[in-house]
$ cat run.tsv   # TSV, C-alpha atoms
chain	number	residue	atom	x	y	z
A	1	MET	CA	-4.80	45.77	-14.50
A	2	GLU	CA	-4.09	47.35	-11.14
A	3	ASN	CA	-2.56	45.57	-8.17
A	4	ASN	CA	-1.05	43.00	-10.46
A	5	SER	CA	0.73	40.79	-7.95
A	6	GLY	CA	0.76	37.75	-10.18
A	7	PRO	CA	-0.68	36.25	-13.33
A	8	LEU	CA	-4.08	34.59	-13.31
A	9	SER	CA	-5.14	31.74	-15.52
A	10	PRO	CA	-6.97	30.85	-17.62
A	11	HIS	CA	-8.92	33.79	-19.06
A	12	ILE	CA	-12.07	31.81	-19.36
A	13	GLN	CA	-14.21	34.52	-21.01
A	14	ILE	CA	-12.09	34.65	-24.15
A	15	TYR	CA	-11.18	30.99	-24.23
A	16	LYS	CA	-12.18	28.67	-27.07
A	17	TRP	CA	-13.08	25.26	-25.69
A	18	GLN	CA	-11.38	22.18	-27.06
A	19	PHE	CA	-11.43	18.52	-26.12
A	20	SER	CA	-7.94	18.76	-24.61
A	21	SER	CA	-8.74	21.78	-22.45
A	22	LEU	CA	-11.99	20.17	-21.33
A	23	LEU	CA	-10.06	17.11	-20.12
A	24	SER	CA	-7.51	19.39	-18.49
A	25	ILE	CA	-10.05	21.34	-16.42
A	26	THR	CA	-11.80	18.06	-15.62
A	27	HIS	CA	-8.51	16.92	-14.07
A	28	ARG	CA	-8.67	19.88	-11.69
A	29	ILE	CA	-12.37	19.49	-11.00
A	30	THR	CA	-12.01	15.77	-10.23
A	31	GLY	CA	-9.02	16.67	-8.05
A	32	VAL	CA	-11.20	18.98	-5.96
A	33	ILE	CA	-14.01	16.38	-5.90
A	34	ASN	CA	-11.47	13.83	-4.66
A	35	VAL	CA	-10.56	16.20	-1.81
A	36	THR	CA	-14.16	15.96	-0.58
A	37	GLY	CA	-14.18	12.21	-1.30
A	38	PHE	CA	-11.12	11.91	0.90
A	39	PHE	CA	-13.14	13.46	3.72
A	40	LEU	CA	-15.82	10.76	3.30
A	41	ILE	CA	-13.15	8.03	3.30
A	42	VAL	CA	-11.66	9.28	6.57
A	43	LEU	CA	-15.16	9.65	8.03
A	44	TRP	CA	-15.89	6.04	7.08
A	45	ILE	CA	-12.74	4.79	8.87
A	46	LEU	CA	-13.55	7.02	11.85
A	47	PHE	CA	-17.10	5.63	12.07
A	48	LEU	CA	-15.77	2.08	11.84
A	49	SER	CA	-13.51	2.80	14.81
A	50	LEU	CA	-16.35	4.39	16.81
A	51	GLY	CA	-18.47	1.25	16.83
A	52	PRO	CA	-21.30	-0.63	15.10
A	53	GLU	CA	-24.03	2.00	15.54
A	54	TYR	CA	-21.95	4.65	13.73
A	55	TYR	CA	-20.75	2.23	11.09
A	56	ASN	CA	-24.24	0.86	10.38
A	57	PHE	CA	-25.57	4.40	10.03
A	58	TYR	CA	-22.93	5.08	7.37
A	59	GLN	CA	-23.54	1.76	5.62
A	60	LYS	CA	-27.28	2.38	5.54
A	61	PHE	CA	-26.66	5.70	3.85
A	62	LEU	CA	-24.34	4.12	1.26
A	63	ARG	CA	-27.07	1.64	0.33
A	64	THR	CA	-29.56	4.37	-0.57
A	65	PHE	CA	-29.77	5.62	-4.15
A	66	VAL	CA	-27.93	8.82	-3.24
A	67	GLY	CA	-25.27	6.78	-1.43
A	68	LYS	CA	-24.73	4.52	-4.43
A	69	PHE	CA	-24.60	7.51	-6.75
A	70	ILE	CA	-21.95	9.08	-4.50
A	71	LEU	CA	-19.92	5.86	-4.43
A	72	VAL	CA	-19.97	5.41	-8.20
A	73	GLY	CA	-19.45	9.12	-8.85
A	74	PHE	CA	-16.46	9.39	-6.54
A	75	THR	CA	-15.01	6.18	-7.95
A	76	TRP	CA	-15.13	7.62	-11.46
A	77	SER	CA	-13.64	10.89	-10.22
A	78	PHE	CA	-10.72	9.10	-8.52
A	79	VAL	CA	-10.14	6.73	-11.45
A	80	TYR	CA	-10.30	9.54	-14.03
A	81	HIS	CA	-7.84	11.63	-12.00
A	82	MET	CA	-5.52	8.61	-11.79
A	83	PHE	CA	-5.59	7.80	-15.51
A	84	ASN	CA	-5.32	11.41	-16.60
A	85	GLY	CA	-2.58	11.81	-13.99
A	86	ILE	CA	-0.64	9.03	-15.73
A	87	ARG	CA	-1.14	11.00	-18.96
A	88	HIS	CA	0.32	14.05	-17.22
A	89	LEU	CA	3.26	11.99	-15.95
A	90	ALA	CA	3.97	10.88	-19.52
A	91	TRP	CA	4.02	14.54	-20.59
A	92	ASP	CA	6.39	15.30	-17.71
A	93	LEU	CA	8.73	12.68	-19.14
A	94	GLY	CA	8.44	14.32	-22.55
A	95	TYR	CA	6.08	11.89	-24.29
A	96	GLY	CA	2.80	12.37	-26.10
A	97	TYR	CA	2.86	16.05	-26.97
A	98	GLU	CA	1.72	15.72	-30.58
A	99	ILE	CA	-1.86	16.95	-30.95
A	100	LYS	CA	-3.01	13.65	-32.44
A	101	THR	CA	-1.37	11.64	-29.65
A	102	ALA	CA	-2.70	13.96	-26.94
A	103	ASN	CA	-6.24	13.70	-28.30
A	104	LEU	CA	-6.00	9.94	-28.60
A	105	SER	CA	-4.61	9.51	-25.07
A	106	GLY	CA	-7.42	11.77	-23.85
A	107	ILE	CA	-10.05	9.54	-25.46
A	108	ILE	CA	-8.33	6.47	-23.97
A	109	VAL	CA	-8.32	8.06	-20.50
A	110	LEU	CA	-12.02	8.91	-20.74
A	111	PHE	CA	-12.85	5.43	-22.02
A	112	LEU	CA	-10.71	3.62	-19.42
A	113	SER	CA	-12.11	5.69	-16.53
A	114	ILE	CA	-15.71	4.83	-17.48
A	115	LEU	CA	-14.85	1.19	-18.19
A	116	THR	CA	-12.98	0.77	-14.88
A	117	THR	CA	-15.79	2.36	-12.86
A	118	PHE	CA	-18.24	0.06	-14.64
A	119	PHE	CA	-16.12	-3.01	-13.88
A	120	ILE	CA	-15.64	-2.04	-10.24
A	121	TRP	CA	-19.32	-1.56	-9.40
A	122	ILE	CA	-21.42	-3.40	-11.96
A	123	ILE	CA	-19.46	-6.62	-12.27
B	1	MET	CA	8.74	30.47	-1.91
B	2	LYS	CA	9.91	30.18	-5.52
B	3	ASN	CA	12.99	28.21	-4.37
B	4	HIS	CA	10.65	25.46	-3.22
B	5	ALA	CA	8.74	25.29	-6.51
B	6	LEU	CA	10.90	22.54	-7.98
B	7	ASN	CA	10.73	20.49	-4.79
B	8	LYS	CA	6.95	20.83	-4.74
B	9	TRP	CA	6.80	19.81	-8.39
B	10	ILE	CA	8.87	16.70	-7.71
B	11	ILE	CA	6.97	15.71	-4.54
B	12	GLN	CA	3.69	16.19	-6.43
B	13	ARG	CA	4.85	13.70	-9.08
B	14	ILE	CA	6.31	11.20	-6.62
B	15	SER	CA	3.13	11.22	-4.53
B	16	ALA	CA	1.12	10.77	-7.75
B	17	VAL	CA	3.11	7.68	-8.74
B	18	VAL	CA	2.93	6.21	-5.22
B	19	LEU	CA	-0.82	6.82	-5.08
B	20	ILE	CA	-1.55	4.74	-8.21
B	21	PRO	CA	-1.15	1.30	-6.55
B	22	LEU	CA	-2.50	2.66	-3.24
B	23	LEU	CA	-5.69	3.91	-4.89
B	24	LEU	CA	-6.18	0.64	-6.74
B	25	PHE	CA	-5.76	-1.30	-3.49
B	26	PHE	CA	-8.17	1.06	-1.75
B	27	LEU	CA	-10.84	0.71	-4.46
B	28	TYR	CA	-10.42	-3.06	-4.41
B	29	SER	CA	-10.89	-3.06	-0.60
B	30	LEU	CA	-13.84	-0.67	-0.87
B	31	VAL	CA	-15.75	-2.97	-3.21
B	32	ASN	CA	-15.22	-5.87	-0.80
B	33	LEU	CA	-16.03	-3.78	2.26
B	34	VAL	CA	-19.14	-1.99	1.11
B	35	ASN	CA	-21.32	-5.09	1.45
B	36	GLN	CA	-19.81	-6.16	4.76
B	37	ASP	CA	-21.47	-5.59	8.10
B	38	TYR	CA	-19.58	-4.14	11.04
B	39	THR	CA	-17.76	-7.32	12.10
B	40	GLY	CA	-16.93	-8.17	8.49
B	41	ALA	CA	-15.39	-4.73	8.01
B	42	LEU	CA	-13.39	-5.08	11.22
B	43	ASP	CA	-12.08	-8.46	10.03
B	44	ALA	CA	-10.85	-6.83	6.83
B	45	PHE	CA	-8.53	-4.66	8.92
B	46	ASP	CA	-7.29	-7.63	10.90
B	47	ASN	CA	-4.04	-7.80	8.96
B	48	TYR	CA	-1.04	-5.54	8.88
B	49	LEU	CA	-0.96	-5.25	5.09
B	50	SER	CA	-4.34	-3.45	5.02
B	51	ILE	CA	-3.35	-1.19	7.89
B	52	ILE	CA	-0.03	-0.26	6.30
B	53	VAL	CA	-1.52	0.33	2.85
B	54	PHE	CA	-4.40	2.40	4.25
B	55	THR	CA	-1.97	4.44	6.37
B	56	LEU	CA	0.23	5.14	3.35
B	57	PHE	CA	-2.86	5.98	1.30
B	58	LEU	CA	-3.95	8.53	3.93
B	59	ILE	CA	-0.50	10.14	4.20
B	60	PHE	CA	0.20	10.39	0.47
B	61	SER	CA	-3.34	11.56	-0.29
B	62	GLY	CA	-2.92	14.35	2.25
B	63	LEU	CA	0.39	15.35	0.72
B	64	HIS	CA	-0.90	15.17	-2.86
B	65	LEU	CA	-4.11	17.10	-2.20
B	66	LYS	CA	-2.19	19.81	-0.33
B	67	LEU	CA	0.14	20.41	-3.27
B	68	GLY	CA	-2.72	20.23	-5.78
B	69	LEU	CA	-4.89	22.72	-3.90
B	70	ASN	CA	-1.90	25.05	-3.40
B	71	GLU	CA	-1.44	25.06	-7.16
B	72	ILE	CA	-5.10	25.88	-7.79
B	73	ILE	CA	-4.96	28.74	-5.26
B	74	GLU	CA	-1.80	30.00	-6.95
B	75	ASP	CA	-3.60	30.10	-10.32
B	76	TYR	CA	-6.89	31.70	-9.37
B	77	ILE	CA	-6.29	33.86	-6.29
B	78	GLN	CA	-4.41	37.12	-6.72
B	79	ASP	CA	-4.64	38.67	-3.26
B	80	GLU	CA	-1.62	37.59	-1.20
B	81	SER	CA	-3.37	37.69	2.19
B	82	ILE	CA	-6.34	35.63	0.99
B	83	LYS	CA	-3.86	33.23	-0.60
B	84	ALA	CA	-1.94	32.88	2.67
B	85	THR	CA	-5.13	32.25	4.67
B	86	LEU	CA	-6.42	29.65	2.21
B	87	ASN	CA	-3.06	27.88	2.19
B	88	LYS	CA	-3.24	27.63	5.99
B	89	VAL	CA	-6.72	26.11	5.76
B	90	ILE	CA	-5.36	23.63	3.20
B	91	ILE	CA	-2.47	22.60	5.45
B	92	LEU	CA	-4.92	22.08	8.33
B	93	TYR	CA	-7.22	19.96	6.17
B	94	ALA	CA	-4.36	17.96	4.64
B	95	ALA	CA	-2.87	17.22	8.07
B	96	VAL	CA	-5.96	16.69	10.25
B	97	LEU	CA	-7.72	14.17	7.99
B	98	PRO	CA	-4.82	11.68	7.69
B	99	ILE	CA	-4.15	12.01	11.44
B	100	VAL	CA	-7.80	11.29	12.28
B	101	GLY	CA	-7.74	8.38	9.84
B	102	ILE	CA	-4.55	6.89	11.25
B	103	ILE	CA	-5.74	7.24	14.87
B	104	SER	CA	-8.98	5.51	13.85
B	105	LEU	CA	-7.02	2.69	12.20
B	106	ILE	CA	-4.93	2.24	15.35
B	107	THR	CA	-8.13	2.15	17.44
B	108	ILE	CA	-9.54	-0.49	15.10
B	109	ILE	CA	-6.59	-2.88	15.43
B	110	LEU	CA	-6.14	-2.41	19.19
$ encode --input "run.tsv" --output "structure tokens"
Amino acid sequence: MENNSGPLSPHIQIYKWQFSSLLSITHRITGVINVTGFFLIVLWILFLSLGPEYYNFYQKFLRTFVGKFILVGFTWSFVYHMFNGIRHLAWDLGYGYEIKTANLSGIIVLFLSILTTFFIWII
Amino acid sequence: MKNHALNKWIIQRISAVVLIPLLLFFLYSLVNLVNQDYTGALDAFDNYLSIIVFTLFLIFSGLHLKLGLNEIIEDYIQDESIKATLNKVIILYAAVLPIVGIISLITIIL
């Protein structure tokens, strides 16, 4: 490799996918999704401060099918990132490295993120 | 830059921990707010607790997303000049959004 000014990761073309790595990349992907979600949150506060016509426009959009999908989708993304983030924090403290434990905590994170999203919006 | 790596790592984790209760409070507020009309939404911000929590949420989110995006850039972008440009864009994004949000919150309570 020429111009090697630093290592790149991961080498996706030769990588064998596993449950753990899938959850790991999902953590990044949801992180990036949350960055765009953050924009919508700030926009919502901005529109609320600008007055009823702006706010109602935003609210009307959120009540459409696309708006609801965005709300639920972003909620899952934030909640998943939070739960998997807690999993990462546990690793940082030195817990849960065994393959069995890591797989189990991954399943729990996935399950909890879906369950929480469901509870937030359906119930 | 490498001297700051540990600091960044620690701030990333601290902001993550702080964001857990803030996110939960935000989601709880969101569910209540989404069905409110304009005046109902304004009423929800008529207490200092909401304003303080939302302000903290904006600040720590900005901090956390800046560090997270920096890390992604570090992993996937090799060219130093592109990296530097992208990191500037990230700083702008991570600073402007919380500032706009906080100014809006102040406008709402005034």
$ closest_atom_pairs --input "run.tsv" --of "chain B" --to "chain A" --cutoff "6 Å" --atoms "all atoms listed in the file" --output "Markdown table"
| residue | atom | partner | partner_atom | distance |
| --- | --- | --- | --- | --- |
| B:Tyr38 | CA | A:Pro52 | CA | 5.6 |
| B:Asp75 | CA | A:Leu8 | CA | 5.4 |
| B:Tyr76 | CA | A:Leu8 | CA | 5.6 |
| B:Gly101 | CA | A:Val42 | CA | 5.2 |
| B:Ser104 | CA | A:Leu46 | CA | 5.2 |
| B:Ile108 | CA | A:Ser49 | CA | 5.2 |
$ atom_distance --input "run.tsv" --atom1 "CA of Ala94 in chain B" --atom2 "CA of Gly62 in chain B"
4.6 Å
$ atom_distance --input "run.tsv" --atom1 "CA of Ile70 in chain A" --atom2 "CA of Ala44 in chain B"
22.5 Å
$ atom_distance --input "run.tsv" --atom1 "CA of Gly94 in chain A" --atom2 "CA of Leu110 in chain A"
21.2 Å
$ axis_aligned_box --input "run.tsv" --around "range 77-82 of chain A" --padding-each-side "8 Å" --output "AutoDock Vina command-line options"
--center_x -9.6 --center_y 9.2 --center_z -11.3 --size_x 24.1 --size_y 20.9 --size_z 21.5
$ residues_around --input "run.tsv" --residues "Leu86 in chain B" --least-positions-apart "4" --cutoff "10 Å" --atoms "only C-alpha atoms" --output "list in words"
Leu69, Asn70, Ile73, Ile77, Glu80, Ser81, Ile82, Ile90, Ile91 and Leu92 of chain B
